[in-house]
file target19.pdb (PDB, C-alpha atoms and all ligand atoms)
ATOM      1  CA  MET X  22      70.589 -14.541 -46.666
ATOM      2  CA  SER X  23      69.870 -10.956 -45.673
ATOM      3  CA  GLY X  24      68.344 -11.848 -42.292
ATOM      4  CA  GLU X  25      65.995  -8.883 -42.706
ATOM      5  CA  GLN X  26      62.672  -9.005 -40.918
ATOM      6  CA  ASP X  27      59.335  -7.513 -41.943
ATOM      7  CA  PRO X  28      59.079  -4.079 -40.245
ATOM      8  CA  LYS X  29      55.277  -4.323 -40.316
ATOM      9  CA  GLN X  30      55.390  -7.545 -38.348
ATOM     10  CA  ILE X  31      57.955  -6.122 -35.932
ATOM     11  CA  SER X  32      55.848  -3.036 -35.127
ATOM     12  CA  GLY X  33      52.533  -4.908 -35.012
ATOM     13  CA  THR X  34      53.853  -7.578 -32.687
ATOM     14  CA  TYR X  35      55.552  -5.041 -30.426
ATOM     15  CA  ALA X  36      52.329  -3.045 -30.076
ATOM     16  CA  ALA X  37      50.217  -6.125 -29.373
ATOM     17  CA  ASN X  38      52.594  -7.033 -26.566
ATOM     18  CA  LEU X  39      51.738  -3.720 -24.845
ATOM     19  CA  VAL X  40      48.109  -4.757 -24.357
ATOM     20  CA  GLU X  41      47.237  -5.702 -20.779
ATOM     21  CA  ASP X  42      44.625  -7.915 -19.213
ATOM     22  CA  ARG X  43      41.073  -6.491 -19.111
ATOM     23  CA  MET X  44      41.758  -3.789 -21.651
ATOM     24  CA  ALA X  45      39.283  -2.679 -24.304
ATOM     25  CA  VAL X  46      41.218  -2.636 -27.567
ATOM     26  CA  GLY X  47      40.583  -1.070 -30.973
ATOM     27  CA  LEU X  48      41.697  -3.292 -33.821
ATOM     28  CA  GLY X  49      43.022  -1.455 -36.861
ATOM     29  CA  THR X  50      42.865  -2.414 -40.502
ATOM     30  CA  GLY X  51      45.546  -3.205 -43.069
ATOM     31  CA  SER X  52      48.623  -5.360 -43.485
ATOM     32  CA  THR X  53      50.437  -3.907 -40.439
ATOM     33  CA  ALA X  54      47.419  -4.045 -38.132
ATOM     34  CA  ARG X  55      46.927  -7.646 -39.245
ATOM     35  CA  PHE X  56      50.184  -8.605 -37.548
ATOM     36  CA  ALA X  57      49.005  -6.949 -34.331
ATOM     37  CA  ILE X  58      45.710  -8.858 -34.459
ATOM     38  CA  LEU X  59      47.537 -12.128 -35.108
ATOM     39  CA  ARG X  60      49.748 -11.556 -32.053
ATOM     40  CA  LEU X  61      46.735 -10.595 -29.930
ATOM     41  CA  GLY X  62      45.074 -13.828 -31.040
ATOM     42  CA  GLU X  63      48.107 -15.763 -29.808
ATOM     43  CA  ARG X  64      48.034 -13.931 -26.496
ATOM     44  CA  VAL X  65      44.291 -14.557 -26.072
ATOM     45  CA  LYS X  66      44.950 -18.273 -26.557
ATOM     46  CA  GLU X  67      47.577 -17.975 -23.815
ATOM     47  CA  GLY X  68      44.977 -16.452 -21.469
ATOM     48  CA  LEU X  69      44.902 -12.700 -22.170
ATOM     49  CA  ASN X  70      41.441 -11.382 -21.298
ATOM     50  CA  ILE X  71      40.410  -8.479 -23.544
ATOM     51  CA  ILE X  72      37.441  -7.121 -25.415
ATOM     52  CA  ALA X  73      37.847  -5.472 -28.787
ATOM     53  CA  ILE X  74      36.161  -3.339 -31.417
ATOM     54  CA  PRO X  75      37.307  -3.844 -35.020
ATOM     55  CA  THR X  76      37.617  -1.071 -37.605
ATOM     56  CA  SER X  77      36.549  -3.144 -40.621
ATOM     57  CA  GLU X  78      34.718  -6.283 -41.618
ATOM     58  CA  ALA X  79      38.088  -7.824 -42.556
ATOM     59  CA  SER X  80      39.573  -7.205 -39.112
ATOM     60  CA  ALA X  81      36.351  -8.421 -37.462
ATOM     61  CA  LYS X  82      36.561 -11.669 -39.404
ATOM     62  CA  LEU X  83      40.220 -12.229 -38.536
ATOM     63  CA  ALA X  84      39.675 -11.416 -34.858
ATOM     64  CA  THR X  85      36.679 -13.757 -34.654
ATOM     65  CA  GLU X  86      38.668 -16.575 -36.245
ATOM     66  CA  LEU X  87      41.377 -16.029 -33.635
ATOM     67  CA  GLY X  88      38.948 -16.109 -30.709
ATOM     68  CA  ILE X  89      39.243 -12.407 -29.786
ATOM     69  CA  LYS X  90      36.017 -11.276 -28.081
ATOM     70  CA  LEU X  91      34.349  -8.475 -30.060
ATOM     71  CA  VAL X  92      31.886  -6.055 -28.473
ATOM     72  CA  GLY X  93      29.763  -3.124 -29.635
ATOM     73  CA  PHE X  94      29.665   0.559 -28.751
ATOM     74  CA  ASN X  95      26.944  -0.045 -26.139
ATOM     75  CA  ASP X  96      29.430  -2.163 -24.215
ATOM     76  CA  VAL X  97      32.243   0.392 -23.880
ATOM     77  CA  THR X  98      32.547   4.126 -23.337
ATOM     78  CA  HIS X  99      36.191   4.229 -24.356
ATOM     79  CA  LEU X 100      39.007   2.040 -25.594
ATOM     80  CA  ASP X 101      42.248   1.756 -23.642
ATOM     81  CA  ILE X 102      44.390   1.160 -26.701
ATOM     82  CA  THR X 103      43.862   1.113 -30.426
ATOM     83  CA  ILE X 104      46.565  -0.363 -32.627
ATOM     84  CA  ASP X 105      46.340   0.777 -36.225
ATOM     85  CA  GLY X 106      48.578   1.481 -39.195
ATOM     86  CA  ALA X 107      48.897   4.600 -41.328
ATOM     87  CA  ASP X 108      49.742   5.394 -44.919
ATOM     88  CA  GLU X 109      51.816   8.393 -43.818
ATOM     89  CA  ILE X 110      52.717  10.096 -40.534
ATOM     90  CA  ASP X 111      54.370  13.492 -40.200
ATOM     91  CA  PRO X 112      56.695  14.830 -37.453
ATOM     92  CA  ASP X 113      53.666  16.220 -35.534
ATOM     93  CA  PHE X 114      52.055  12.749 -35.547
ATOM     94  CA  ASN X 115      49.384  13.845 -38.028
ATOM     95  CA  MET X 116      48.410  10.747 -39.961
ATOM     96  CA  LEU X 117      47.065  10.133 -43.433
ATOM     97  CA  LYS X 118      44.955   6.974 -43.412
ATOM     98  CA  GLY X 119      42.408   5.092 -45.466
ATOM     99  CA  GLY X 120      44.534   3.295 -48.026
ATOM    100  CA  GLY X 121      42.663   0.190 -46.931
ATOM    101  CA  GLY X 122      39.332   1.992 -47.160
ATOM    102  CA  ALA X 123      38.518   1.826 -43.440
ATOM    103  CA  LEU X 124      39.018   5.504 -42.577
ATOM    104  CA  LEU X 125      35.508   6.160 -41.239
ATOM    105  CA  ARG X 126      35.442   3.302 -38.752
ATOM    106  CA  GLU X 127      39.099   3.899 -37.911
ATOM    107  CA  LYS X 128      38.397   7.516 -37.018
ATOM    108  CA  ILE X 129      35.317   6.698 -34.923
ATOM    109  CA  VAL X 130      37.321   4.104 -33.004
ATOM    110  CA  ALA X 131      40.318   6.452 -32.639
ATOM    111  CA  SER X 132      38.023   9.149 -31.255
ATOM    112  CA  LEU X 133      37.142   6.853 -28.310
ATOM    113  CA  THR X 134      40.708   5.792 -27.667
ATOM    114  CA  LYS X 135      42.911   6.820 -24.745
ATOM    115  CA  ARG X 136      46.128   5.646 -26.380
ATOM    116  CA  GLN X 137      46.217   5.419 -30.167
ATOM    117  CA  ILE X 138      49.260   3.467 -31.260
ATOM    118  CA  CYS X 139      50.360   4.010 -34.827
ATOM    119  CA  ILE X 140      52.352   1.074 -36.187
ATOM    120  CA  VAL X 141      54.418   1.658 -39.297
ATOM    121  CA  ASP X 142      57.430   0.694 -41.333
ATOM    122  CA  PRO X 143      60.041   3.392 -42.015
ATOM    123  CA  ASN X 144      58.559   4.278 -45.449
ATOM    124  CA  LYS X 145      55.513   5.794 -43.773
ATOM    125  CA  ALA X 146      57.359   8.648 -42.026
ATOM    126  CA  VAL X 147      57.197  11.814 -44.145
ATOM    127  CA  GLU X 148      57.950  15.501 -43.703
ATOM    128  CA  LYS X 149      54.704  16.572 -45.407
ATOM    129  CA  LEU X 150      51.576  14.510 -45.900
ATOM    130  CA  GLY X 151      49.943  13.918 -49.239
ATOM    131  CA  LYS X 152      52.242  11.990 -51.568
ATOM    132  CA  PHE X 153      50.006   9.059 -50.738
ATOM    133  CA  PRO X 154      46.619  10.068 -52.217
ATOM    134  CA  LEU X 155      44.280  11.374 -49.518
ATOM    135  CA  PRO X 156      41.170   9.167 -49.212
ATOM    136  CA  VAL X 157      37.855  10.969 -48.941
ATOM    137  CA  GLU X 158      34.805   8.788 -48.259
ATOM    138  CA  VAL X 159      31.692  10.137 -49.975
ATOM    139  CA  VAL X 160      28.089   9.005 -50.200
ATOM    140  CA  LYS X 161      27.160   7.577 -53.586
ATOM    141  CA  PHE X 162      24.426  10.139 -54.163
ATOM    142  CA  GLY X 163      25.974  13.205 -55.728
ATOM    143  CA  TRP X 164      29.599  12.121 -55.380
ATOM    144  CA  GLU X 165      30.302  14.012 -58.588
ATOM    145  CA  VAL X 166      29.397  17.241 -56.767
ATOM    146  CA  VAL X 167      31.973  16.534 -54.060
ATOM    147  CA  ALA X 168      34.522  15.707 -56.759
ATOM    148  CA  ARG X 169      34.001  19.120 -58.388
ATOM    149  CA  ARG X 170      34.347  20.868 -55.016
ATOM    150  CA  ILE X 171      37.578  18.967 -54.362
ATOM    151  CA  GLU X 172      38.946  20.429 -57.597
ATOM    152  CA  GLU X 173      37.748  23.901 -56.644
ATOM    153  CA  ILE X 174      39.741  23.764 -53.416
ATOM    154  CA  GLY X 175      42.882  22.707 -55.255
ATOM    155  CA  GLY X 176      42.844  18.914 -55.323
ATOM    156  CA  LYS X 177      42.768  16.322 -58.080
ATOM    157  CA  TYR X 178      40.752  13.188 -57.558
ATOM    158  CA  LYS X 179      40.356   9.636 -58.772
ATOM    159  CA  VAL X 180      37.384   7.494 -57.865
ATOM    160  CA  ARG X 181      38.857   4.397 -56.220
ATOM    161  CA  GLN X 182      38.356   1.278 -58.321
ATOM    162  CA  ARG X 183      38.338  -2.412 -57.572
ATOM    163  CA  ASP X 184      37.909  -5.080 -60.259
ATOM    164  CA  GLY X 185      36.846  -2.451 -62.784
ATOM    165  CA  GLU X 186      34.057  -1.065 -60.580
ATOM    166  CA  ASN X 187      33.890   1.777 -58.111
ATOM    167  CA  TYR X 188      35.242   0.537 -54.781
ATOM    168  CA  VAL X 189      32.546   0.405 -52.080
ATOM    169  CA  THR X 190      33.497   0.774 -48.398
ATOM    170  CA  ASP X 191      32.145  -1.339 -45.540
ATOM    171  CA  ASN X 192      29.686   1.532 -45.037
ATOM    172  CA  GLY X 193      28.390   1.444 -48.615
ATOM    173  CA  ASN X 194      30.160   4.587 -49.813
ATOM    174  CA  PHE X 195      32.681   5.500 -52.528
ATOM    175  CA  ILE X 196      36.198   6.790 -52.011
ATOM    176  CA  LEU X 197      37.823   9.668 -53.871
ATOM    177  CA  ASP X 198      41.625   9.389 -53.713
ATOM    178  CA  CYS X 199      42.784  13.002 -53.796
ATOM    179  CA  ASP X 200      46.078  14.676 -54.613
ATOM    180  CA  PHE X 201      46.696  17.735 -52.425
ATOM    181  CA  TYR X 202      50.448  17.246 -52.118
ATOM    182  CA  PRO X 203      52.098  18.895 -50.307
ATOM    183  CA  ILE X 204      49.505  19.314 -47.544
ATOM    184  CA  GLU X 205      50.851  22.411 -45.801
ATOM    185  CA  ASN X 206      48.130  22.667 -43.173
ATOM    186  CA  PRO X 207      46.514  19.283 -42.433
ATOM    187  CA  PRO X 208      43.949  20.545 -39.841
ATOM    188  CA  GLU X 209      42.723  23.246 -42.215
ATOM    189  CA  LEU X 210      42.409  20.848 -45.130
ATOM    190  CA  GLU X 211      40.593  18.331 -42.966
ATOM    191  CA  LYS X 212      38.036  20.978 -41.986
ATOM    192  CA  ALA X 213      37.628  22.289 -45.540
ATOM    193  CA  ILE X 214      36.931  18.831 -46.945
ATOM    194  CA  LYS X 215      34.607  17.805 -44.112
ATOM    195  CA  MET X 216      32.500  20.894 -44.795
ATOM    196  CA  LEU X 217      31.592  19.652 -48.292
ATOM    197  CA  PRO X 218      28.078  18.164 -48.414
ATOM    198  CA  GLY X 219      28.339  14.481 -49.294
ATOM    199  CA  VAL X 220      31.650  13.919 -47.533
ATOM    200  CA  VAL X 221      31.402  11.253 -44.857
ATOM    201  CA  GLU X 222      35.018  11.308 -43.684
ATOM    202  CA  VAL X 223      38.489  12.361 -44.725
ATOM    203  CA  GLY X 224      41.635  10.374 -44.047
ATOM    204  CA  LEU X 225      43.470  13.076 -42.098
ATOM    205  CA  PHE X 226      43.850  12.096 -38.435
ATOM    206  CA  ILE X 227      44.919  15.171 -36.468
ATOM    207  CA  ASN X 228      45.980  14.960 -32.812
ATOM    208  CA  MET X 229      44.856  11.364 -32.661
ATOM    209  CA  ALA X 230      48.080   9.341 -32.488
ATOM    210  CA  HIS X 231      49.729   9.187 -29.079
ATOM    211  CA  THR X 232      52.460   6.639 -29.703
ATOM    212  CA  LEU X 233      54.410   5.865 -32.856
ATOM    213  CA  ILE X 234      55.973   2.435 -33.150
ATOM    214  CA  MET X 235      58.211   2.016 -36.156
ATOM    215  CA  GLY X 236      59.545  -1.414 -36.986
ATOM    216  CA  HIS X 237      62.895  -1.803 -38.739
ATOM    217  CA  PRO X 238      64.238  -4.617 -40.922
ATOM    218  CA  SER X 239      66.900  -5.226 -38.259
ATOM    219  CA  GLY X 240      64.104  -6.421 -35.970
ATOM    220  CA  GLU X 241      64.316  -3.347 -33.751
ATOM    221  CA  CYS X 242      61.533  -0.877 -32.965
ATOM    222  CA  THR X 243      61.661   2.866 -32.496
ATOM    223  CA  VAL X 244      59.015   4.035 -30.030
ATOM    224  CA  ARG X 245      58.070   7.716 -29.721
ATOM    225  CA  GLU X 246      55.387   9.449 -27.696
ATOM    226  CA  ARG X 247      53.672  12.583 -28.978
ATOM    227  CA  ALA X 248      55.087  15.691 -27.339
TER     228      ALA X 248
HETATM  229  C1  LIG J 301      43.274   1.351 -43.677
HETATM  230  C2  LIG J 301      44.396   2.165 -43.178
HETATM  231  C3  LIG J 301      45.679   1.491 -42.932
HETATM  232  O1  LIG J 301      46.069   1.721 -41.629
HETATM  233  C4  LIG J 301      46.708   2.038 -43.870
HETATM  234  O2  LIG J 301      46.214   1.933 -45.189
HETATM  235  C5  LIG J 301      48.038   1.295 -43.747
HETATM  236  O3  LIG J 301      47.902   0.025 -44.292
HETATM  237  P1  LIG J 301      49.089  -1.003 -44.322
HETATM  238  O4  LIG J 301      49.388  -1.354 -42.910
HETATM  239  O5  LIG J 301      48.547  -2.176 -45.119
HETATM  240  O6  LIG J 301      50.269  -0.370 -45.021
HETATM  241  O7  LIG J 301      44.291   3.343 -42.943
HETATM  242  O8  LIG J 301      42.156   2.127 -43.971
END

call {"tool": "encode", "arguments": {"input": "target19.pdb", "output": "structure tokens", "more": "lines below"}}
Ligand code: 5RP
result
Amino acid sequence: MSGEQDPKQISGTYAANLVEDRMAVGLGTGSTARFAILRLGERVKEGLNIIAIPTSEASAKLATELGIKLVGFNDVTHLDITIDGADEIDPDFNMLKGGGGALLREKIVASLTKRQICIVDPNKAVEKLGKFPLPVEVVKFGWEVVARRIEEIGGKYKVRQRDGENYVTDNGNFILDCDFYPIENPPELEKAIKMLPGVVEVGLFINMAHTLIMGHPSGECTVRERA
């Protein structure tokens, strides 16, 4: 028996335990965020009083099943904490996100958040972003035009597939998974891609993470605050 624990569960649970009574909480998407939502559900059953905004239909469904009270953007002006995963995070806390396809809602929610907590396992920490393909959410109309522009600015793309069809996001759009590795200047690339007509969002999250919580198989967590 190795006795190793799941680092995703360790980081997700740790982050969920930071949530306090009466907070407005952003609920991330993905296998790491799922552990945070599960722990929040337990805490709500024990009496924790929170309201939450989910970043995907999947997280909304899970939260509802667990009895976490969901609200809309008319009900809150900001979120105290959002707990969300990342596909990669660099030493400056720039994140690459959207492997789960929820980048647009995740970025809107992050933009309202006072303390964005990034929960990861050790594989997600990288020196330079971009080995994980960069998700770019594009409207269906004219996506081919965006794809050509992506190539013109130095990227390669694949249209994300699911079950042999183009993957469709919760917002009804396609995703181009783009290879720009190594991304030397994440803020510049984010701006360049967002300028392309037809792009809805790009999975580069700059200056958005405040706290990094990394779970380890030993069961320990490393917690770092952005400088
Ligand atoms: C979803 C995301 C996720 O945070 C990211 O893909 C990490 O997922 P996981 O926790 O399953 O590794 O950005 O759009």

call {"tool": "closest_atom_pairs", "arguments": {"input": "target19.pdb", "of": "segment 68-123 of chain X", "to": "segment 36-51 of chain X", "cutoff": "8 Å", "atoms": "only C-alpha atoms", "output": "JSON lines"}}
result
{"residue": "X:Leu69", "atom": "CA", "partner": "X:Asp42", "partner_atom": "CA", "distance": 5.6}
{"residue": "X:Asn70", "atom": "CA", "partner": "X:Asp42", "partner_atom": "CA", "distance": 5.1}
{"residue": "X:Ile71", "atom": "CA", "partner": "X:Arg43", "partner_atom": "CA", "distance": 4.9}
{"residue": "X:Ile72", "atom": "CA", "partner": "X:Ala45", "partner_atom": "CA", "distance": 4.9}
{"residue": "X:Ala73", "atom": "CA", "partner": "X:Val46", "partner_atom": "CA", "distance": 4.6}
{"residue": "X:Ile74", "atom": "CA", "partner": "X:Gly47", "partner_atom": "CA", "distance": 5.0}
{"residue": "X:Pro75", "atom": "CA", "partner": "X:Leu48", "partner_atom": "CA", "distance": 4.6}
{"residue": "X:Thr76", "atom": "CA", "partner": "X:Gly49", "partner_atom": "CA", "distance": 5.5}
{"residue": "X:Ser77", "atom": "CA", "partner": "X:Thr50", "partner_atom": "CA", "distance": 6.4}
{"residue": "X:Ala79", "atom": "CA", "partner": "X:Thr50", "partner_atom": "CA", "distance": 7.5}
{"residue": "X:Ser80", "atom": "CA", "partner": "X:Thr50", "partner_atom": "CA", "distance": 6.0}
{"residue": "X:Val97", "atom": "CA", "partner": "X:Ala45", "partner_atom": "CA", "distance": 7.7}
{"residue": "X:His99", "atom": "CA", "partner": "X:Ala45", "partner_atom": "CA", "distance": 7.6}
{"residue": "X:Leu100", "atom": "CA", "partner": "X:Ala45", "partner_atom": "CA", "distance": 4.9}
{"residue": "X:Asp101", "atom": "CA", "partner": "X:Ala45", "partner_atom": "CA", "distance": 5.4}
{"residue": "X:Ile102", "atom": "CA", "partner": "X:Val46", "partner_atom": "CA", "distance": 5.0}
{"residue": "X:Thr103", "atom": "CA", "partner": "X:Gly47", "partner_atom": "CA", "distance": 4.0}
{"residue": "X:Ile104", "atom": "CA", "partner": "X:Gly49", "partner_atom": "CA", "distance": 5.6}
{"residue": "X:Asp105", "atom": "CA", "partner": "X:Gly49", "partner_atom": "CA", "distance": 4.0}
{"residue": "X:Gly106", "atom": "CA", "partner": "X:Gly49", "partner_atom": "CA", "distance": 6.7}
{"residue": "X:Gly121", "atom": "CA", "partner": "X:Gly51", "partner_atom": "CA", "distance": 5.9}
{"residue": "X:Ala123", "atom": "CA", "partner": "X:Thr50", "partner_atom": "CA", "distance": 6.7}

call {"tool": "residues_near_ligand", "arguments": {"input": "target19.pdb", "ligand": "ligand LIG 301 (chain J)", "cutoff": "10 Å", "atoms": "all atoms listed in the file", "output": "CSV table (one decimal) with C-alpha atoms, keeping the file's coordinate frame"}}
result
chain,number,residue,atom,x,y,z
X,29,LYS,CA,55.3,-4.3,-40.3
X,30,GLN,CA,55.4,-7.5,-38.3
X,33,GLY,CA,52.5,-4.9,-35.0
X,49,GLY,CA,43.0,-1.5,-36.9
X,50,THR,CA,42.9,-2.4,-40.5
X,51,GLY,CA,45.5,-3.2,-43.1
X,52,SER,CA,48.6,-5.4,-43.5
X,53,THR,CA,50.4,-3.9,-40.4
X,54,ALA,CA,47.4,-4.0,-38.1
X,55,ARG,CA,46.9,-7.6,-39.2
X,56,PHE,CA,50.2,-8.6,-37.5
X,76,THR,CA,37.6,-1.1,-37.6
X,77,SER,CA,36.5,-3.1,-40.6
X,104,ILE,CA,46.6,-0.4,-32.6
X,105,ASP,CA,46.3,0.8,-36.2
X,106,GLY,CA,48.6,1.5,-39.2
X,107,ALA,CA,48.9,4.6,-41.3
X,108,ASP,CA,49.7,5.4,-44.9
X,109,GLU,CA,51.8,8.4,-43.8
X,116,MET,CA,48.4,10.7,-40.0
X,117,LEU,CA,47.1,10.1,-43.4
X,118,LYS,CA,45.0,7.0,-43.4
X,119,GLY,CA,42.4,5.1,-45.5
X,120,GLY,CA,44.5,3.3,-48.0
X,121,GLY,CA,42.7,0.2,-46.9
X,122,GLY,CA,39.3,2.0,-47.2
X,123,ALA,CA,38.5,1.8,-43.4
X,124,LEU,CA,39.0,5.5,-42.6
X,125,LEU,CA,35.5,6.2,-41.2
X,126,ARG,CA,35.4,3.3,-38.8
X,127,GLU,CA,39.1,3.9,-37.9
X,128,LYS,CA,38.4,7.5,-37.0
X,139,CYS,CA,50.4,4.0,-34.8
X,140,ILE,CA,52.4,1.1,-36.2
X,141,VAL,CA,54.4,1.7,-39.3
X,142,ASP,CA,57.4,0.7,-41.3
X,144,ASN,CA,58.6,4.3,-45.4
X,145,LYS,CA,55.5,5.8,-43.8
X,153,PHE,CA,50.0,9.1,-50.7
X,156,PRO,CA,41.2,9.2,-49.2
X,190,THR,CA,33.5,0.8,-48.4
X,224,GLY,CA,41.6,10.4,-44.0
X,225,LEU,CA,43.5,13.1,-42.1
X,226,PHE,CA,43.8,12.1,-38.4

call {"tool": "resolve_selection", "arguments": {"input": "target19.pdb", "expression": "the PyMOL selection byres (((chain X and resi 200) around 8) and not hetatm)", "output": "PDB file with C-alpha atoms, keeping the file's coordinate frame"}}
result
ATOM      1  CA  GLY X 151      49.943  13.918 -49.239  1.00  0.00           C
ATOM      2  CA  LYS X 152      52.242  11.990 -51.568  1.00  0.00           C
ATOM      3  CA  PHE X 153      50.006   9.059 -50.738  1.00  0.00           C
ATOM      4  CA  PRO X 154      46.619  10.068 -52.217  1.00  0.00           C
ATOM      5  CA  LEU X 155      44.280  11.374 -49.518  1.00  0.00           C
ATOM      6  CA  GLY X 176      42.844  18.914 -55.323  1.00  0.00           C
ATOM      7  CA  LYS X 177      42.768  16.322 -58.080  1.00  0.00           C
ATOM      8  CA  TYR X 178      40.752  13.188 -57.558  1.00  0.00           C
ATOM      9  CA  ASP X 198      41.625   9.389 -53.713  1.00  0.00           C
ATOM     10  CA  CYS X 199      42.784  13.002 -53.796  1.00  0.00           C
ATOM     11  CA  PHE X 201      46.696  17.735 -52.425  1.00  0.00           C
ATOM     12  CA  TYR X 202      50.448  17.246 -52.118  1.00  0.00           C
TER      13      TYR X 202
END

call {"tool": "atom_distance", "arguments": {"input": "target19.pdb", "atom1": "atom CA of Val65 of chain X", "atom2": "atom CA of Ile89 of chain X"}}
result
6.6 Å

call {"tool": "residues_around", "arguments": {"input": "target19.pdb", "residues": "Arg181 of chain X", "least_positions_apart": "4", "cutoff": "8 Å", "atoms": "all atoms listed in the file", "output": "number ranges by chain"}}
result
X: 187-188, 195-198

call {"tool": "resolve_selection", "arguments": {"input": "target19.pdb", "expression": "the PyMOL selection byres (((chain X and resi 160) around 6) and not hetatm)", "output": "PyMOL selection string"}}
result
chain X and resi 159+161-162+194+219

call {"tool": "atom_distance", "arguments": {"input": "target19.pdb", "atom1": "atom CA of Leu210 of chain X", "atom2": "atom CA of Glu222 of chain X"}}
result
12.2 Å

call {"tool": "closest_residue", "arguments": {"input": "target19.pdb", "among": "X:Ile58, X:Glu241, X:Ile214, X:Ile110", "to": "Glu86 of chain X", "atoms": "all atoms listed in the file"}}
result
X:Ile58

call {"tool": "atom_distance", "arguments": {"input": "target19.pdb", "atom1": "atom CA of Gly175 of chain X", "atom2": "atom CA of Ile227 of chain X"}}
result
20.3 Å

call {"tool": "closest_residue", "arguments": {"input": "target19.pdb", "among": "X:Ala213, X:Ile204, X:Leu233, X:Leu83", "to": "Lys149 of chain X", "atoms": "all atoms listed in the file"}}
result
X:Ile204

call {"tool": "closest_residue", "arguments": {"input": "target19.pdb", "among": "X:Gly68, X:Pro28, X:Pro218, X:Gly62", "to": "Trp164 of chain X", "atoms": "all atoms listed in the file"}}
result
X:Pro218

call {"tool": "residues_near_point", "arguments": {"input": "target19.pdb", "point": "(72.2, -9.1, -42.9)", "cutoff": "12 Å", "atoms": "all atoms listed in the file", "output": "PyMOL selection string"}}
result
chain X and resi 22-26+238-240

call {"tool": "closest_residue", "arguments": {"input": "target19.pdb", "among": "X:Met229, X:Ile31, X:Ile174, X:Ala248", "to": "Val130 of chain X", "atoms": "only C-alpha atoms"}}
result
X:Met229

call {"tool": "closest_residue", "arguments": {"input": "target19.pdb", "among": "X:Ala230, X:Glu173, X:Arg60, X:Ser32", "to": "Leu133 of chain X", "atoms": "all atoms listed in the file"}}
result
X:Ala230

call {"tool": "axis_aligned_box", "arguments": {"input": "target19.pdb", "around": "segment 224-230 of chain X", "padding_each_side": "4 Å", "output": "JSON"}}
result
{"center_x": 44.9, "center_y": 12.3, "center_z": -38.3, "size_x": 14.4, "size_y": 13.8, "size_z": 19.6}

call {"tool": "closest_residue", "arguments": {"input": "target19.pdb", "among": "X:Phe114, X:Glu78, X:Thr134, X:Asn192", "to": "Thr98 of chain X", "atoms": "all atoms listed in the file"}}
result
X:Thr134

call {"tool": "build_atoms", "arguments": {"input": "target19.pdb", "residues": "segment 227-240 of chain X", "atoms": "N, CA and C atoms", "output": "mmCIF file, keeping the file's coordinate frame"}}
result
data_model
loop_
_atom_site.group_PDB
_atom_site.id
_atom_site.type_symbol
_atom_site.label_atom_id
_atom_site.label_comp_id
_atom_site.auth_asym_id
_atom_site.auth_seq_id
_atom_site.Cartn_x
_atom_site.Cartn_y
_atom_site.Cartn_z
ATOM 1 N N ILE X 227 44.150 14.109 -37.120
ATOM 2 C CA ILE X 227 44.919 15.171 -36.468
ATOM 3 C C ILE X 227 44.829 14.989 -34.958
ATOM 4 N N ASN X 228 45.951 15.088 -34.289
ATOM 5 C CA ASN X 228 45.980 14.960 -32.812
ATOM 6 C C ASN X 228 45.356 13.662 -32.322
ATOM 7 N N MET X 229 45.475 12.629 -33.079
ATOM 8 C CA MET X 229 44.856 11.364 -32.661
ATOM 9 C C MET X 229 45.887 10.332 -32.236
ATOM 10 N N ALA X 230 47.062 10.340 -32.853
ATOM 11 C CA ALA X 230 48.080 9.341 -32.488
ATOM 12 C C ALA X 230 48.810 9.801 -31.234
ATOM 13 N N HIS X 231 48.954 8.881 -30.289
ATOM 14 C CA HIS X 231 49.729 9.187 -29.079
ATOM 15 C C HIS X 231 51.121 8.579 -29.143
ATOM 16 N N THR X 232 51.193 7.383 -29.691
ATOM 17 C CA THR X 232 52.460 6.639 -29.703
ATOM 18 C C THR X 232 52.743 6.184 -31.132
ATOM 19 N N LEU X 233 53.988 6.345 -31.535
ATOM 20 C CA LEU X 233 54.410 5.865 -32.856
ATOM 21 C C LEU X 233 55.389 4.718 -32.643
ATOM 22 N N ILE X 234 55.068 3.578 -33.231
ATOM 23 C CA ILE X 234 55.973 2.435 -33.150
ATOM 24 C C ILE X 234 56.406 2.078 -34.571
ATOM 25 N N MET X 235 57.684 2.280 -34.816
ATOM 26 C CA MET X 235 58.211 2.016 -36.156
ATOM 27 C C MET X 235 59.107 0.776 -36.103
ATOM 28 N N GLY X 236 58.717 -0.217 -36.899
ATOM 29 C CA GLY X 236 59.545 -1.414 -36.986
ATOM 30 C C GLY X 236 60.645 -1.214 -38.009
ATOM 31 N N HIS X 237 61.765 -1.901 -37.808
ATOM 32 C CA HIS X 237 62.895 -1.803 -38.739
ATOM 33 C C HIS X 237 63.282 -3.207 -39.212
ATOM 34 N N PRO X 238 63.855 -3.294 -40.409
ATOM 35 C CA PRO X 238 64.238 -4.617 -40.922
ATOM 36 C C PRO X 238 65.229 -5.339 -40.020
ATOM 37 N N SER X 239 65.952 -4.591 -39.191
ATOM 38 C CA SER X 239 66.900 -5.226 -38.259
ATOM 39 C C SER X 239 66.183 -6.009 -37.167
ATOM 40 N N GLY X 240 64.871 -5.766 -37.033
ATOM 41 C CA GLY X 240 64.104 -6.421 -35.970
ATOM 42 C C GLY X 240 63.873 -5.497 -34.790
#
